[in-house]
Every structure is written in C-alpha cells, then in structure tokens.
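Asks: One file is attached below, my_file10.csv, containing CSV, C-alpha atoms.
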```csv
chain,number,residue,atom,x,y,z
A,795,MET,CA,80.1,73.1,120.7
A,796,LYS,CA,81.8,76.0,118.9
A,797,ASN,CA,78.6,78.1,119.1
A,798,MET,CA,78.3,77.4,122.8
A,799,LEU,CA,81.8,78.5,123.5
A,800,LYS,CA,81.3,81.6,121.5
A,801,LEU,CA,78.2,82.3,123.7
A,802,ASN,CA,80.2,81.7,126.8
A,803,PHE,CA,82.9,84.1,125.6
A,804,ILE,CA,80.3,86.8,124.9
A,805,LEU,CA,78.7,86.3,128.3
A,806,LEU,CA,82.1,86.6,130.0
A,807,ILE,CA,82.9,89.9,128.3
A,808,SER,CA,79.5,91.3,129.3
A,809,PHE,CA,80.0,89.9,132.8
A,810,ALA,CA,83.3,91.6,133.3
A,811,LEU,CA,82.5,94.9,131.7
A,812,ALA,CA,78.9,95.6,132.7
A,813,GLY,CA,77.5,96.8,136.0
A,814,ASN,CA,74.6,95.3,137.8
A,815,PRO,CA,71.5,96.5,135.9
A,816,ASP,CA,69.2,95.8,138.9
A,817,GLN,CA,70.9,98.3,141.1
A,818,PRO,CA,71.6,102.1,140.8
A,819,ASP,CA,75.2,103.0,140.5
A,820,THR,CA,75.1,104.6,144.0
A,821,VAL,CA,73.9,101.4,145.7
A,822,THR,CA,76.5,98.8,146.7
A,823,LYS,CA,76.7,95.8,149.0
A,824,GLU,CA,79.9,97.0,150.7
A,825,ALA,CA,80.5,96.3,154.4
A,826,THR,CA,78.1,93.3,154.3
A,827,ALA,CA,80.7,90.5,154.7
A,828,GLY,CA,83.5,89.8,157.2
A,829,PHE,CA,87.1,88.7,156.8
A,830,ASN,CA,87.8,91.1,153.9
A,831,PHE,CA,91.5,90.3,154.0
A,832,LEU,CA,90.5,87.2,152.0
A,833,LYS,CA,89.8,89.5,149.0
A,834,LEU,CA,93.3,90.9,148.9
A,835,GLU,CA,95.2,90.1,145.7
A,836,THR,CA,98.1,87.8,146.3
A,837,GLY,CA,100.9,86.4,144.1
A,838,ILE,CA,103.1,89.0,142.5
A,839,ARG,CA,102.6,87.6,139.0
A,840,ALA,CA,98.8,87.9,139.6
A,841,ILE,CA,99.1,91.4,141.0
A,842,GLY,CA,101.0,92.6,138.0
A,843,MET,CA,98.2,91.3,135.8
A,844,ALA,CA,95.5,93.0,137.8
A,845,GLY,CA,94.4,89.8,139.4
A,846,ALA,CA,93.3,88.1,136.1
A,847,GLN,CA,94.3,84.6,137.2
A,848,VAL,CA,91.3,82.3,137.4
A,849,ALA,CA,92.3,80.8,134.0
A,850,ALA,CA,95.8,82.2,133.6
A,851,GLY,CA,97.1,81.2,137.1
A,852,GLN,CA,100.2,79.0,137.2
A,853,GLY,CA,101.3,77.0,140.2
A,854,VAL,CA,101.1,77.5,144.0
A,855,GLU,CA,100.9,81.3,144.1
A,856,ALA,CA,97.6,81.2,142.2
A,857,ILE,CA,95.8,79.0,144.7
A,858,PRO,CA,93.6,81.8,146.1
A,859,TYR,CA,92.2,82.5,142.7
A,860,ASN,CA,91.7,78.9,141.6
A,861,PRO,CA,92.8,75.8,143.4
A,862,ALA,CA,93.0,73.9,140.1
A,863,SER,CA,96.0,76.1,139.2
A,864,ILE,CA,98.5,73.7,140.9
A,865,SER,CA,97.7,71.1,138.3
A,866,SER,CA,100.1,73.0,136.0
A,867,ILE,CA,103.2,72.3,138.0
A,868,THR,CA,105.8,69.8,136.9
A,869,ARG,CA,108.2,70.1,139.9
A,870,SER,CA,108.0,71.0,143.6
A,871,ASP,CA,106.8,74.6,143.7
A,872,ALA,CA,107.4,77.1,146.6
A,873,TYR,CA,106.5,80.7,146.9
A,874,LEU,CA,107.4,83.6,149.3
A,875,SER,CA,106.3,87.2,149.4
A,876,LYS,CA,106.2,90.1,151.8
A,877,ALA,CA,104.7,93.5,151.2
A,878,SER,CA,103.8,96.7,152.9
A,879,LEU,CA,100.4,97.8,151.7
A,880,TYR,CA,99.0,101.2,151.0
A,881,SER,CA,102.0,103.2,152.2
A,882,VAL,CA,101.2,102.4,155.8
A,883,ASP,CA,102.4,99.9,158.3
A,884,ILE,CA,100.3,97.0,157.1
A,885,ASN,CA,102.4,93.9,156.4
A,886,HIS,CA,101.2,91.1,154.2
A,887,HIS,CA,103.0,87.8,154.1
A,888,ILE,CA,102.6,84.7,151.9
A,889,ILE,CA,104.3,81.3,152.2
A,890,ALA,CA,103.1,78.4,149.9
A,891,PHE,CA,104.2,75.0,148.7
A,892,ALA,CA,102.8,72.5,146.2
A,893,GLN,CA,104.0,69.2,144.7
A,894,LYS,CA,103.0,66.7,142.1
A,895,VAL,CA,102.4,63.4,144.0
A,896,THR,CA,101.2,61.2,141.1
A,897,PRO,CA,100.9,61.7,137.3
A,898,SER,CA,97.5,63.2,137.9
A,899,ASP,CA,97.3,64.3,141.5
A,900,TYR,CA,98.7,67.5,143.1
A,901,ILE,CA,98.7,68.8,146.7
A,902,GLY,CA,99.6,72.1,148.1
A,903,GLY,CA,99.6,74.3,151.2
A,904,HIS,CA,99.1,78.1,151.4
A,905,LEU,CA,99.6,80.4,154.4
A,906,MET,CA,98.6,84.1,154.4
A,907,PHE,CA,99.3,86.4,157.3
A,908,LEU,CA,98.4,90.1,157.7
A,909,ASP,CA,99.6,92.4,160.4
A,910,SER,CA,97.8,95.8,160.6
A,911,GLY,CA,100.5,97.5,162.7
A,912,GLU,CA,99.6,99.5,165.7
A,913,MET,CA,96.3,101.5,165.6
A,914,GLU,CA,95.1,104.0,168.1
A,915,GLU,CA,92.1,102.9,170.1
A,916,THR,CA,89.0,105.2,170.0
A,917,THR,CA,85.6,104.9,171.7
A,918,THR,CA,82.3,106.8,171.4
A,919,GLU,CA,83.3,108.7,174.5
A,920,ASP,CA,86.9,109.3,173.4
A,921,SER,CA,86.7,109.8,169.7
A,922,ASP,CA,90.1,111.5,169.6
A,923,GLY,CA,91.7,108.4,171.2
A,924,THR,CA,92.0,106.7,174.6
A,925,GLY,CA,95.7,106.7,174.6
A,926,GLY,CA,95.8,102.9,174.1
A,927,PHE,CA,96.7,101.0,171.0
A,928,PHE,CA,95.8,97.7,169.4
A,929,ARG,CA,96.7,95.7,166.3
A,930,LEU,CA,94.8,93.3,164.0
A,931,TYR,CA,96.2,89.9,162.9
A,932,ASP,CA,94.6,88.1,160.0
A,933,PHE,CA,95.5,84.5,159.3
A,934,ALA,CA,94.5,82.0,156.6
A,935,LEU,CA,96.0,78.5,156.4
A,936,SER,CA,94.8,76.3,153.5
A,937,ILE,CA,95.4,72.8,152.1
A,938,THR,CA,94.7,72.3,148.4
A,939,TYR,CA,94.1,69.1,146.3
A,940,ALA,CA,93.9,69.2,142.5
A,941,ARG,CA,93.5,66.4,140.0
A,942,ARG,CA,94.0,66.3,136.2
A,943,MET,CA,90.8,64.6,135.2
A,944,THR,CA,91.6,64.5,131.5
A,945,ASP,CA,94.1,66.1,129.2
A,946,ARG,CA,91.8,69.1,129.0
A,947,LEU,CA,90.0,69.3,132.4
A,948,ASN,CA,91.6,70.0,135.8
A,949,LEU,CA,89.7,70.3,139.1
A,950,GLY,CA,90.8,71.6,142.5
A,951,VAL,CA,89.5,72.1,146.0
A,952,THR,CA,90.9,74.1,148.9
A,953,MET,CA,89.9,73.8,152.6
A,954,LYS,CA,91.1,76.6,154.8
A,955,TYR,CA,91.1,77.8,158.4
A,956,VAL,CA,90.7,81.6,158.7
A,957,ARG,CA,91.0,83.7,161.8
A,958,GLU,CA,91.0,87.3,162.8
A,959,SER,CA,92.2,88.4,166.2
A,960,TYR,CA,92.8,91.7,168.0
A,961,VAL,CA,95.9,92.1,170.1
A,962,ASN,CA,95.3,94.2,173.3
A,963,VAL,CA,91.6,93.9,172.7
A,964,ALA,CA,90.4,90.4,173.6
A,965,ALA,CA,88.2,89.7,170.7
A,966,GLY,CA,88.3,87.7,167.5
A,967,ALA,CA,86.5,85.3,165.1
A,968,GLN,CA,87.4,82.2,163.2
A,969,ALA,CA,85.8,80.0,160.5
A,970,ILE,CA,86.4,77.1,158.0
A,971,ALA,CA,86.0,77.9,154.3
A,972,ILE,CA,86.2,76.0,151.1
A,973,ASP,CA,87.3,77.0,147.5
A,974,ILE,CA,86.5,75.0,144.4
A,975,GLY,CA,87.8,75.6,140.9
A,976,SER,CA,88.2,74.2,137.4
A,977,ILE,CA,90.4,74.9,134.4
A,978,PHE,CA,89.2,73.6,131.0
A,979,ASP,CA,91.1,73.7,127.7
A,980,THR,CA,88.4,74.3,125.2
A,981,GLY,CA,90.5,73.2,122.2
A,982,LEU,CA,89.3,76.2,120.3
A,983,TRP,CA,91.3,79.3,119.4
A,984,GLY,CA,93.8,78.4,122.1
A,985,MET,CA,91.3,79.4,124.8
A,986,ILE,CA,91.5,78.2,128.4
A,987,LEU,CA,88.4,78.6,130.5
A,988,GLY,CA,88.6,79.0,134.3
A,989,MET,CA,86.0,79.1,137.0
A,990,SER,CA,86.1,79.2,140.8
A,991,VAL,CA,84.1,79.9,143.9
A,992,SER,CA,86.1,81.2,146.9
A,993,ASN,CA,85.3,81.4,150.6
A,994,PHE,CA,82.2,79.2,150.8
A,995,GLY,CA,81.4,78.6,154.4
A,996,PRO,CA,79.3,79.4,157.5
A,997,GLU,CA,78.6,82.8,158.9
A,998,LEU,CA,81.1,84.1,161.5
A,999,GLN,CA,80.7,85.9,164.8
A,1000,TYR,CA,83.1,87.8,167.0
A,1001,HIS,CA,83.7,86.6,170.5
A,1002,GLY,CA,86.0,87.5,173.4
A,1003,ASP,CA,86.4,89.0,176.8
A,1004,ALA,CA,86.4,92.5,175.4
A,1005,LEU,CA,82.8,92.0,174.2
A,1006,GLU,CA,81.5,90.9,177.6
A,1007,ILE,CA,79.4,93.4,179.5
A,1008,GLY,CA,77.6,93.1,182.8
A,1009,LYS,CA,76.5,89.9,184.5
A,1010,ASN,CA,73.5,87.7,184.2
A,1011,GLU,CA,71.3,88.3,187.3
A,1012,ILE,CA,70.4,84.6,187.5
A,1013,THR,CA,73.6,82.8,186.6
A,1014,ASP,CA,76.1,85.5,187.6
A,1015,ALA,CA,77.9,84.7,184.3
A,1016,PRO,CA,79.2,87.6,182.2
A,1017,GLU,CA,76.9,88.6,179.4
A,1018,GLN,CA,78.3,89.1,175.9
A,1019,SER,CA,77.4,92.2,174.0
A,1020,VAL,CA,75.3,91.5,170.9
A,1021,THR,CA,77.6,90.9,168.0
A,1022,LYS,CA,76.2,90.5,164.5
A,1023,THR,CA,76.9,87.4,162.4
A,1024,TRP,CA,78.7,88.1,159.1
A,1025,PRO,CA,78.9,86.0,155.9
A,1026,LEU,CA,82.3,85.2,154.5
A,1027,PRO,CA,83.3,87.2,151.4
A,1028,LEU,CA,82.0,84.7,148.8
A,1029,ILE,CA,83.5,85.3,145.4
A,1030,PHE,CA,82.6,83.8,142.1
A,1031,ARG,CA,85.2,84.1,139.3
A,1032,MET,CA,85.0,83.2,135.6
A,1033,GLY,CA,87.7,83.9,133.1
A,1034,ILE,CA,89.6,83.1,129.9
A,1035,LYS,CA,93.2,82.9,128.9
A,1036,THR,CA,94.8,82.6,125.5
A,1037,ASP,CA,98.3,83.0,124.1
A,1038,ILE,CA,98.2,85.6,121.3
A,1039,ILE,CA,101.8,84.9,120.5
A,1040,GLY,CA,103.7,81.8,121.5
A,1041,LYS,CA,104.9,78.4,120.4
A,1042,ASP,CA,101.5,76.9,121.1
A,1043,SER,CA,99.5,79.9,120.1
A,1044,TYR,CA,96.5,79.5,117.8
A,1045,TYR,CA,97.2,83.0,116.3
A,1046,ILE,CA,100.9,83.7,116.0
A,1047,LYS,CA,103.4,80.9,116.5
A,1048,ASP,CA,106.8,82.0,117.9
A,1049,SER,CA,109.3,80.0,120.0
A,1050,ILE,CA,111.0,83.1,121.5
A,1051,HIS,CA,108.2,85.6,122.2
A,1052,LYS,CA,105.0,84.9,124.2
A,1053,LEU,CA,102.1,87.2,124.8
A,1054,THR,CA,99.3,86.0,127.1
A,1055,PHE,CA,95.9,87.7,127.4
A,1056,ALA,CA,93.6,87.1,130.4
A,1057,LEU,CA,90.2,88.4,131.3
A,1058,ASP,CA,88.3,87.6,134.5
A,1059,GLY,CA,84.8,88.5,135.6
A,1060,VAL,CA,84.6,88.8,139.4
A,1061,ASP,CA,81.3,88.7,141.4
A,1062,PRO,CA,81.8,89.2,145.1
A,1063,VAL,CA,78.9,88.8,147.5
A,1064,ASP,CA,79.5,92.2,149.1
A,1065,ASN,CA,80.1,94.4,146.0
A,1066,LEU,CA,79.1,95.0,142.4
A,1067,LEU,CA,80.4,93.1,139.5
A,1068,MET,CA,84.1,93.7,138.7
A,1069,GLY,CA,86.5,92.8,135.9
A,1070,ASN,CA,90.2,92.2,135.6
A,1071,ILE,CA,92.2,92.4,132.3
A,1072,GLY,CA,95.8,91.2,132.2
A,1073,LEU,CA,98.7,90.9,129.8
A,1074,GLU,CA,102.0,89.1,130.2
A,1075,TYR,CA,104.9,89.3,127.7
A,1076,ALA,CA,107.7,86.7,128.0
A,1077,TRP,CA,111.0,86.7,126.2
A,1078,ASN,CA,112.4,83.2,125.9
A,1079,GLN,CA,110.6,82.4,129.2
A,1080,LEU,CA,113.4,84.3,131.0
A,1081,VAL,CA,112.2,87.9,131.2
A,1082,PHE,CA,108.6,88.9,131.8
A,1083,VAL,CA,106.7,92.2,131.5
A,1084,ARG,CA,103.1,92.4,132.8
A,1085,THR,CA,100.3,94.9,132.9
A,1086,GLY,CA,96.6,94.9,133.7
A,1087,TYR,CA,93.6,97.0,134.7
A,1088,HIS,CA,90.8,96.7,137.3
A,1089,ILE,CA,87.4,97.4,136.0
A,1090,ASN,CA,84.7,98.8,138.3
A,1091,HIS,CA,87.0,98.3,141.3
A,1092,ASP,CA,86.5,100.7,144.3
A,1093,THR,CA,90.2,101.8,144.4
A,1094,ALA,CA,92.5,99.7,142.2
A,1095,GLY,CA,93.2,100.8,138.7
A,1096,LEU,CA,96.4,100.3,136.6
A,1097,ALA,CA,98.8,97.4,137.5
A,1098,LEU,CA,102.3,96.8,136.2
A,1099,GLY,CA,104.8,94.1,136.8
A,1100,SER,CA,108.0,92.4,135.7
A,1101,GLY,CA,109.9,89.3,136.5
A,1102,VAL,CA,113.1,87.3,135.7
A,1103,LYS,CA,113.8,83.6,135.7
A,1104,LEU,CA,117.2,82.3,137.0
A,1105,ASN,CA,118.5,78.7,136.8
A,1106,LEU,CA,120.6,78.1,139.9
A,1107,SER,CA,122.2,74.7,139.6
A,1108,GLY,CA,118.9,73.0,138.8
A,1109,ILE,CA,116.7,75.2,141.0
A,1110,ILE,CA,114.5,77.6,139.0
A,1111,LEU,CA,114.1,80.9,140.8
A,1112,ASN,CA,111.6,83.5,139.6
A,1113,LEU,CA,112.0,87.0,141.0
A,1114,ASP,CA,108.8,89.1,140.5
A,1115,TYR,CA,107.8,92.7,141.1
A,1116,ALA,CA,104.4,94.4,140.9
A,1117,PHE,CA,103.0,97.9,141.1
A,1118,VAL,CA,99.3,98.8,141.6
A,1119,ASN,CA,97.7,102.2,141.8
A,1120,TYR,CA,95.0,102.1,144.5
A,1121,GLY,CA,93.8,105.7,144.2
A,1122,ASP,CA,93.1,107.2,147.6
A,1123,LEU,CA,94.9,104.3,149.2
A,1124,ASN,CA,98.1,105.2,147.3
A,1125,SER,CA,100.3,102.8,145.3
A,1126,THR,CA,102.0,99.6,146.4
A,1127,HIS,CA,105.3,98.1,145.3
A,1128,GLN,CA,105.4,94.3,146.0
A,1129,PHE,CA,108.1,91.7,145.6
A,1130,GLY,CA,108.0,87.9,145.6
A,1131,MET,CA,110.1,84.8,144.9
A,1132,ASN,CA,109.1,81.5,143.4
A,1133,PHE,CA,111.2,78.3,143.6
A,1134,LYS,CA,110.9,75.2,141.5
A,1135,PHE,CA,113.1,72.3,142.4
```
Can you dump the structure from the file as structure tokens?
Replies:
Amino acid sequence: MKNMLKLNFILLISFALAGNPDQPDTVTKEATAGFNFLKLETGIRAIGMAGAQVAAGQGVEAIPYNPASISSITRSDAYLSKASLYSVDINHHIIAFAQKVTPSDYIGGHLMFLDSGEMEETTTEDSDGTGGFFRLYDFALSITYARRMTDRLNLGVTMKYVRESYVNVAAGAQAIAIDIGSIFDTGLWGMILGMSVSNFGPELQYHGDALEIGKNEITDAPEQSVTKTWPLPLIFRMGIKTDIIGKDSYYIKDSIHKLTFALDGVDPVDNLLMGNIGLEYAWNQLVFVRTGYHINHDTAGLALGSGVKLNLSGIILNLDYAFVNYGDLNSTHQFGMNFKF
C-alpha cells in the first residue's frame, strides 16, 4: 500500500510539471471546446492558492473543483463573491450554499454568472464596427450531493445546467453537464488525495434567429446557418494536500500555526497539461496568507491571497482577497465572503 501511494505521488508530480511528450510545444488544443467560462477559477481561497483545490478545497466555494469538498462542512455554508476580470468590464458573480443533512450526507447549490459588458459588433464587411453593440451572458446553475462513505473516503457528484446567450444578437446555446469527484485520506504522511472530472456532457450547438439565413424553397421555413458542434471543456484533475505544520500534521505539530501545501495536475480537453501549486498559512485559524503558482498556463502566473475569520454572534464570517497576475490580460483583484451558521 505504501509503495503504491509513493508511486501515485511520483506520477502526480510528473503529471503536474511535465508537458505532453506526444506534441510539440507549439501545438495545442486551444479553441476546440465551448463554454470556456466553466474553466474560470472561482472561490477566493482557491484563487489565492492558484486553483490548487481538488484535494485542498473546503466547503461550498470549492464545488467547481471537486463536488466532494462539501463533505468537510459541519454547519450551513454560504458563499458570495463579485469580481471584475482582466481590468475590463467583465463581471463575474458567484452565489453558493451547502448544508449537512445527515451525519454522512451533504447537499449544496452553486450559481455562477458572467456578464461580458458591452462589446462592439463587427462583421466581415464592417471589420471596424457596425455601430451596434452586444453583450454575452454566461450562466451555470448546479446542484451537488456528497456522501461520507467511510472515515477516509468522500464522494460527490454535481449536475449543472449551463447556458450562454447573446443580448441584441439572438443566438445562444445550452447543455447539461455532470462533475464527479472524490477525496481520500491515505493515512500516510498526512496526505489527502483528490480527483475529479468536470463538465462531462453532450456536445453543444448554437441556435437562434440571428443564425437563420434565407428560406427553404420547399417548406418556406427559414434555414439556419451551419453551426459547428462543440464539446464541453472536460477537465480531469488529480491532486494532493498535506499540512506541513498544524495540530494534525504528520511533520510538525503546532496548535497555533498551520501551513498547508497543495499540488494539482490539471488535464483539460482543449489544452496541454497544467499544474497548480498552492500554500496557505493560518495563524490560530483566524488570519490567513496564501500564495500559489500556475504551471504551463497560457496567461496566469503568480497568485497571492489573504483572509480573516470573524465570529459574529455565532455566525462565522470569512473575508477573503486574492490577486492573480494574468500576463497580457493584466492582473485581477477579487474579494469574497463565506458565512457559516
């Protein structure tokens, strides 16, 4: 058993840090999947740790990384965040809630909404703009169920409805997708192993009046322009988490200070292998400092974050902040609130 876990750890390191040996560095699978908003990092704690959350995620805000994460909650858990992305008028909103319903069963809901802001309409004839504007709305509503199978194994599944629509341009697409995930306490070296598959579902296709051209000579019905089907952005994640310092740490026991290390390997269907490394330091579980780094990511690099926990008459309020450098897309500053009651 120990040798097998050592092998899994070595494979995970290789998975996260290595590129795909079967493809040249200049060849990628970019722009081969739709609904790319589903790949956005969410949850301010997660963002501050560079998205290393498949094993380290805690509670409702980590649902997009691993639906089994809600099996860590002990009270009702609510989360809110709003962010402006990439220094432009792109607004990203998250609302989520989860609750423990039996000693071993958990249920949660997660809503993600993205508003692109107004964008100028261009065509092949008017590449400098038609004078018109449109905006893009992305929406994902999910329901998650998780179960504590044993004292070491937790499983979770999410079913979600996803939609993309264009305002002032009558077109859009929708789909149903499923996420599955697991969290396993190996019992060795304080190591937690997490795995998940996100956005499993059918191909999608855009429809709408704006895509209709001409009329069928026989039926006199409008013909729809040919629109390609696109796969959902399927993502496989595998990761580990361990407390280097902490009251339950295998390495350094300390009841005041806690240092958590997390490493994820991420394999999206439309890109090369990527990795996320994250650290979180907690003082007395009241003040938190986080950092992380994205490996082999197209734009994201260094991530930083912080947080504070407040006890407000029995309601636990976590206020979190995260900063990420997205290179050519500029940096983002994001804030979120988590309530436990």
Asks: Quick one: residues within 8 Å of Lys823 in chain A, all atoms listed in the file counted, chain neighbours fewer than 5 positions away excluded, as a PyMOL selection string?
Replies: chain A and resi 1063-1066
Asks: Excluding Lys1052 in chain A and residues on its chain fewer than 3 positions from it, collect all residues at most 6 Å away from it, counting only C-alpha atoms, and give them as a list in words.
Replies: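 Skipping anything fewer than 3 positions along the chain leaves Ile1039, Gly1040, Tyr1075 and Ala1076 of chain A.
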Asks: Restricting it to C-alpha atoms, dump the selection as a PDB file, in the frame of the given file.
Replies:
```pdb
ATOM      1  CA  ILE A1039     101.800  84.900 120.500  1.00  0.00           C
ATOM      2  CA  GLY A1040     103.700  81.800 121.500  1.00  0.00           C
ATOM      3  CA  TYR A1075     104.900  89.300 127.700  1.00  0.00           C
ATOM      4  CA  ALA A1076     107.700  86.700 128.000  1.00  0.00           C
TER       5      ALA A1076
END
```
Asks: Could you please determine the separation between CA of Ala934 in chain A and CA of Gly903 in chain A in Å, to one decimal place?
Replies: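 Going from CA of Ala934 in chain A over to CA of Gly903 in chain A covers 10.7 Å.
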Asks: In terms of the shortest atom-to-atom distance over only C-alpha atoms, which of A:Ile889, A:Val961, A:Leu1053, A:Ile1110 is closest to Trp1077 in chain A?
Replies: A:Leu1053
Asks: So, counting all atoms listed in the file, which residue among A:Phe891, A:Phe1030, A:Tyr939, A:Phe831 is closest to Ser910 in chain A?
Replies: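 Comparing A:Phe891, A:Phe1030, A:Tyr939, A:Phe831 against Ser910 in chain A, the winner is A:Phe831.
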Asks: Can you measure CA of Asn948 in chain A to CA of Met1068 in chain A for me? One decimal in Å is fine.
Replies: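 Distance between the two atoms: 25.0 Å.
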Asks: Select, from A:Thr916, A:Thr952, A:Thr826, A:Gln1128, the residue with the minimum atom-to-atom distance to Ile857 in chain A, counting all atoms listed in the file.
Replies: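 Closest to Ile857 in chain A, using all atoms listed in the file: A:Thr952.
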Asks: Hey, which of A:Leu1067, A:Ala872, A:Leu1106, A:Ala1116 ends up closest to Val1083 in chain A? Count all atoms listed in the file.
Replies: A:Ala1116
Asks: In Å to one decimal, how far is CA of Gln999 in chain A from CA of Ala856 in chain A?
Replies: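 Taking CA of Ala856 in chain A as the start and CA of Gln999 in chain A as the end point, the length is 28.6 Å.
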Asks: Measuring between only C-alpha atoms, which one of A:Leu832, A:Ile937, A:Val895, A:Ile977 shows the shortest distance to Glu958 in chain A?
Replies: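 Looking at the shortest contact to Glu958 in chain A, the residue is A:Leu832.
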Asks: Counting only C-alpha atoms, which residues come within 10 Å of (92.1, 73.6, 153.2), with the point read in the file's coordinates, and could you list them as number ranges by chain?
Replies: A: 902-904, 934-939, 951-956, 970-973
Asks: Please identify all polymer residues lying at most 6 Å from the point (87.3, 85.6, 130.0) (file coordinates), using all atoms listed in the file, and present the result as JSON, numbers by chain.
Replies: {"A": [806, 1033, 1034, 1057, 1058]}
Asks: From the list A:Asp1061, A:Asp899, A:Asp920, A:Glu912, which residue is nearest Ala940 in chain A when using all atoms listed in the file?
Replies: A:Asp899
Asks: Which residues are near Ser1125 in chain A? Cut-off 12 Å, all atoms listed in the file, ignore same chain within fewer than 3 positions. Put them as a PyMOL selection string.
Replies: chain A and resi 877-882+1093-1098+1116-1122+1128
Asks: Do you know which residues are at most 6 Å from Ile974 in chain A counting only C-alpha atoms, after dropping those on the same chain fewer than 5 positions away, and could you put them as a PyMOL selection string?
Replies: chain A and resi 950-951+990-991
Asks: Would you mind listing what lies within 10 Å of Val854 in chain A as a PyMOL selection string, with all atoms listed in the file counted and same-chain residues fewer than 5 positions away left out?
Replies: chain A and resi 837+860-867+870-873+889-893+901-904+938+1132
Asks: With C-alpha atoms retained, write the just-selected residues as a compact mmCIF listing (two decimals), in the frame of the given file.
Replies:
```txt
# COMPACT_ATOMS: atom_id res chain seq x y z
CA GLY A 837 100.90 86.40 144.10
CA ASN A 860 91.70 78.90 141.60
CA PRO A 861 92.80 75.80 143.40
CA ALA A 862 93.00 73.90 140.10
CA SER A 863 96.00 76.10 139.20
CA ILE A 864 98.50 73.70 140.90
CA SER A 865 97.70 71.10 138.30
CA SER A 866 100.10 73.00 136.00
CA ILE A 867 103.20 72.30 138.00
CA SER A 870 108.00 71.00 143.60
CA ASP A 871 106.80 74.60 143.70
CA ALA A 872 107.40 77.10 146.60
CA TYR A 873 106.50 80.70 146.90
CA ILE A 889 104.30 81.30 152.20
CA ALA A 890 103.10 78.40 149.90
CA PHE A 891 104.20 75.00 148.70
CA ALA A 892 102.80 72.50 146.20
CA GLN A 893 104.00 69.20 144.70
CA ILE A 901 98.70 68.80 146.70
CA GLY A 902 99.60 72.10 148.10
CA GLY A 903 99.60 74.30 151.20
CA HIS A 904 99.10 78.10 151.40
CA THR A 938 94.70 72.30 148.40
CA ASN A 1132 109.10 81.50 143.40
```
Asks: Could I get range 986-1005 of chain A rebuilt with N, CA and C atoms, written as a PDB file, in the coordinates of the input?
Replies:
```pdb
ATOM      1  N   ILE A 986      91.620  78.930 127.121  1.00  0.00           N
ATOM      2  CA  ILE A 986      91.500  78.200 128.400  1.00  0.00           C
ATOM      3  C   ILE A 986      90.390  78.895 129.198  1.00  0.00           C
ATOM      4  N   LEU A 987      89.475  78.116 129.736  1.00  0.00           N
ATOM      5  CA  LEU A 987      88.400  78.600 130.500  1.00  0.00           C
ATOM      6  C   LEU A 987      88.559  78.248 131.990  1.00  0.00           C
ATOM      7  N   GLY A 988      88.485  79.220 132.887  1.00  0.00           N
ATOM      8  CA  GLY A 988      88.600  79.000 134.300  1.00  0.00           C
ATOM      9  C   GLY A 988      87.432  79.461 135.094  1.00  0.00           C
ATOM     10  N   MET A 989      87.061  78.729 136.134  1.00  0.00           N
ATOM     11  CA  MET A 989      86.000  79.100 137.000  1.00  0.00           C
ATOM     12  C   MET A 989      86.313  78.746 138.447  1.00  0.00           C
ATOM     13  N   SER A 990      85.891  79.562 139.406  1.00  0.00           N
ATOM     14  CA  SER A 990      86.100  79.200 140.800  1.00  0.00           C
ATOM     15  C   SER A 990      85.102  79.894 141.703  1.00  0.00           C
ATOM     16  N   VAL A 991      84.866  79.279 142.848  1.00  0.00           N
ATOM     17  CA  VAL A 991      84.100  79.900 143.900  1.00  0.00           C
ATOM     18  C   VAL A 991      84.950  79.855 145.167  1.00  0.00           C
ATOM     19  N   SER A 992      85.144  81.022 145.777  1.00  0.00           N
ATOM     20  CA  SER A 992      86.100  81.200 146.900  1.00  0.00           C
ATOM     21  C   SER A 992      85.300  81.546 148.180  1.00  0.00           C
ATOM     22  N   ASN A 993      85.770  81.048 149.304  1.00  0.00           N
ATOM     23  CA  ASN A 993      85.300  81.400 150.600  1.00  0.00           C
ATOM     24  C   ASN A 993      83.862  80.987 150.901  1.00  0.00           C
ATOM     25  N   PHE A 994      83.556  79.762 150.512  1.00  0.00           N
ATOM     26  CA  PHE A 994      82.200  79.200 150.800  1.00  0.00           C
ATOM     27  C   PHE A 994      82.279  78.595 152.211  1.00  0.00           C
ATOM     28  N   GLY A 995      81.403  79.067 153.088  1.00  0.00           N
ATOM     29  CA  GLY A 995      81.400  78.600 154.400  1.00  0.00           C
ATOM     30  C   GLY A 995      80.338  79.202 155.298  1.00  0.00           C
ATOM     31  N   PRO A 996      80.300  78.872 156.593  1.00  0.00           N
ATOM     32  CA  PRO A 996      79.300  79.400 157.500  1.00  0.00           C
ATOM     33  C   PRO A 996      79.502  80.853 157.851  1.00  0.00           C
ATOM     34  N   GLU A 997      78.486  81.472 158.415  1.00  0.00           N
ATOM     35  CA  GLU A 997      78.600  82.800 158.900  1.00  0.00           C
ATOM     36  C   GLU A 997      79.547  82.826 160.141  1.00  0.00           C
ATOM     37  N   LEU A 998      80.194  83.957 160.383  1.00  0.00           N
ATOM     38  CA  LEU A 998      81.100  84.100 161.500  1.00  0.00           C
ATOM     39  C   LEU A 998      80.594  85.104 162.492  1.00  0.00           C
ATOM     40  N   GLN A 999      81.061  85.002 163.726  1.00  0.00           N
ATOM     41  CA  GLN A 999      80.700  85.900 164.800  1.00  0.00           C
ATOM     42  C   GLN A 999      81.830  86.175 165.702  1.00  0.00           C
ATOM     43  N   TYR A1000      82.012  87.420 166.098  1.00  0.00           N
ATOM     44  CA  TYR A1000      83.100  87.800 167.000  1.00  0.00           C
ATOM     45  C   TYR A1000      82.783  87.454 168.430  1.00  0.00           C
ATOM     46  N   HIS A1001      83.806  86.929 169.139  1.00  0.00           N
ATOM     47  CA  HIS A1001      83.700  86.600 170.500  1.00  0.00           C
ATOM     48  C   HIS A1001      84.906  87.077 171.279  1.00  0.00           C
ATOM     49  N   GLY A1002      84.807  87.153 172.595  1.00  0.00           N
ATOM     50  CA  GLY A1002      86.000  87.500 173.400  1.00  0.00           C
ATOM     51  C   GLY A1002      85.618  88.269 174.644  1.00  0.00           C
ATOM     52  N   ASP A1003      86.585  88.310 175.573  1.00  0.00           N
ATOM     53  CA  ASP A1003      86.400  89.000 176.800  1.00  0.00           C
ATOM     54  C   ASP A1003      86.034  90.466 176.652  1.00  0.00           C
ATOM     55  N   ALA A1004      86.612  91.069 175.624  1.00  0.00           N
ATOM     56  CA  ALA A1004      86.400  92.500 175.400  1.00  0.00           C
ATOM     57  C   ALA A1004      84.938  92.808 175.048  1.00  0.00           C
ATOM     58  N   LEU A1005      84.197  91.780 174.613  1.00  0.00           N
ATOM     59  CA  LEU A1005      82.800  92.000 174.200  1.00  0.00           C
ATOM     60  C   LEU A1005      81.837  91.671 175.366  1.00  0.00           C
TER      61      LEU A1005
END
```
